[in-house]
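Right, one structure below, let's go through it.
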Amino acid sequence: MFEKEMTPSQRVHAAVSFQEPDRVPFFLLLTMHGAKELGLSIRDYFSKAEYVAEGQLRLQAKYRHDCLYTFFYAAVEVEAWGSDVLYVENGPPNAGAPLIRQKEDILSLSPPNVDKAPSLIKVLRTQEMLKAKVGSQVPIIGVVISPFSLPVMQLGFDRYIELLYENPDLFERLMTINEKFCVEWANAQLRAGATTICYFDPVSSSTIIPPDMYLRTGFPVAQRTLAKIKGPTATHMASGICRPIMDQLALTGTKIVGVSGAENLGALKKSSSGKVALMGNLNGIEMRRWDAKHTEEVVRNAIAQGGPGGGYILSDAHGEIPFQVPDEVLVTISETVHKHGQYPLEAGDRSGSDGTEQR
């Protein structure tokens, strides 16, 4: 047990090193909520790096959580490749029509220049401003979409699955292109001030492809890509199931795995202990309907399941908290962690019989 209050960076480092810090670290992975803080529309909020940097600083001060999150929206990457972005009033911007119209177009495809793509430059500028403000006191989380999952936006989900199963040569060609882009994009963020890269890889989850397919495809892609990223990484399944491939995820070199709200956090903790730290697994969709009492119950359950022995960061299960989640819920999450997440943890298990969220 640590005697004095730690900085967020110290707290997270201790937990990821399988030590018990002063309290359980928690990440509120808020993207669009910064627009509310500044009184802006989502479109306007993401139009300037200055707005996002200020939004993240306000959110971190308001909720007293342990990171600054520089994820704008998933489509920011394919926007750099030339795809349109579709904005809505109360949700994340989405990718427009797939930029690869015919599978054969992969043969002539080349990645964008990270340093010249306006959508990416905004993210890098945000990271630079946050780094200048907080230094090494607070983790700054950068994000990449994995080379293996990016084709969902490049091709469309159905055509990508067809490519994966039916066109191995074109698949490998696309992975070569995407890996080059992913590594350059991740390392540019690290140079700009990000301290950790979140590697979003939902297609690798056992929710989407069988574990044996992952071993032949997403696993070697992750091994090659993460080895070239010049900083620590956290792999996130974006609500996908990961337990069947947890041992393989640990072999990719990642330090943290973001886990689904549908999984048994206690069982995952036992199977992953000493291999990878866990992050999760609050259900962000259900969070929209929680009241303060239920929020406290769920958070205390998660702390009881994941907290003992370190190796755990409390967070949502998807990697982005919905815009509709009310302030009351976010405040209650913060208050509960600060009250009940102090080490040594309280005795007793308040979870349901299987360790998952109970309603």
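Residues in the structure tokens are named by chain (A, B, ... in the order shown) and by number from 1 within that chain; ligands are numbered from 1 in the order shown.
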So that I can check the secondary structure, give me every residue of segment 295-349 of chain A assigned helix (DSSP H, G or I) by backbone DSSP, as a PyMOL selection string. chain A and resi 295-306+327-340
Within 12 Å of Thr207 of chain A, counting only C-alpha atoms, which residues qualify if same-chain residues fewer than 6 places away don't, as a PyMOL selection string? chain A and resi 201+213-214+237-245+259-260+262-263
Selection near Ala95 of chain A, 8 Å with only C-alpha atoms, sequence-local residues under 2 positions removed, as a list in words: Ala74, Ala75, Val78, Glu79, Ser83, Asp84, Val85, Leu86, Pro93, Ala97, Pro98 and Met153 of chain A
Just the residues within 10 Å of segment 162-171 of chain A, please, counting only C-alpha atoms, with nothing from its chain fewer than 5 positions along; format it as a PyMOL selection string. chain A and resi 103-107+148+151+155+157+176+213+217
Which residues, written as a VMD selection string, have at least one atom at most 10 Å from Ile177 of chain A, with only C-alpha atoms counted and residues fewer than 3 positions away on the same chain left out? chain A and resid 106 to 107 109 to 111 147 172 to 174 180 to 182
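Restricting the calculation to only C-alpha atoms, the smallest distance between Asp66 of chain A and any of A:Thr7, A:Thr195, A:Gln223, A:Thr252 is found for A:Thr7.
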With distances taken over only C-alpha atoms, the candidate from A:Ser272, A:Ser146, A:Gln19, A:Thr235 nearest Asp247 of chain A is A:Ser272
Of the candidates A:Leu40, A:Arg125, A:Ile256, A:Ser206, which shows the shortest atom-to-atom distance to Arg191 of chain A, using only C-alpha atoms? A:Arg125
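Counting from atom CA of Gly307 of chain A, the distance to atom CA of Arg289 of chain A is 25.0 Å.
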Mind checking which residues fall within 10 Å of segment 69-72 of chain A, counting only C-alpha atoms, ignoring those fewer than 5 positions away in the same chain, and posting them as a ChimeraX atom specification? /A:27-32,45-46,49,52-53,56-57,59-60,77,92-93,119-120,122-124,126-127,130,139-144,189,194,198,319-320
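The two atoms in question, atom CA of Asn283 of chain A and atom CA of Asp316 of chain A, are spaced 5.9 Å apart.
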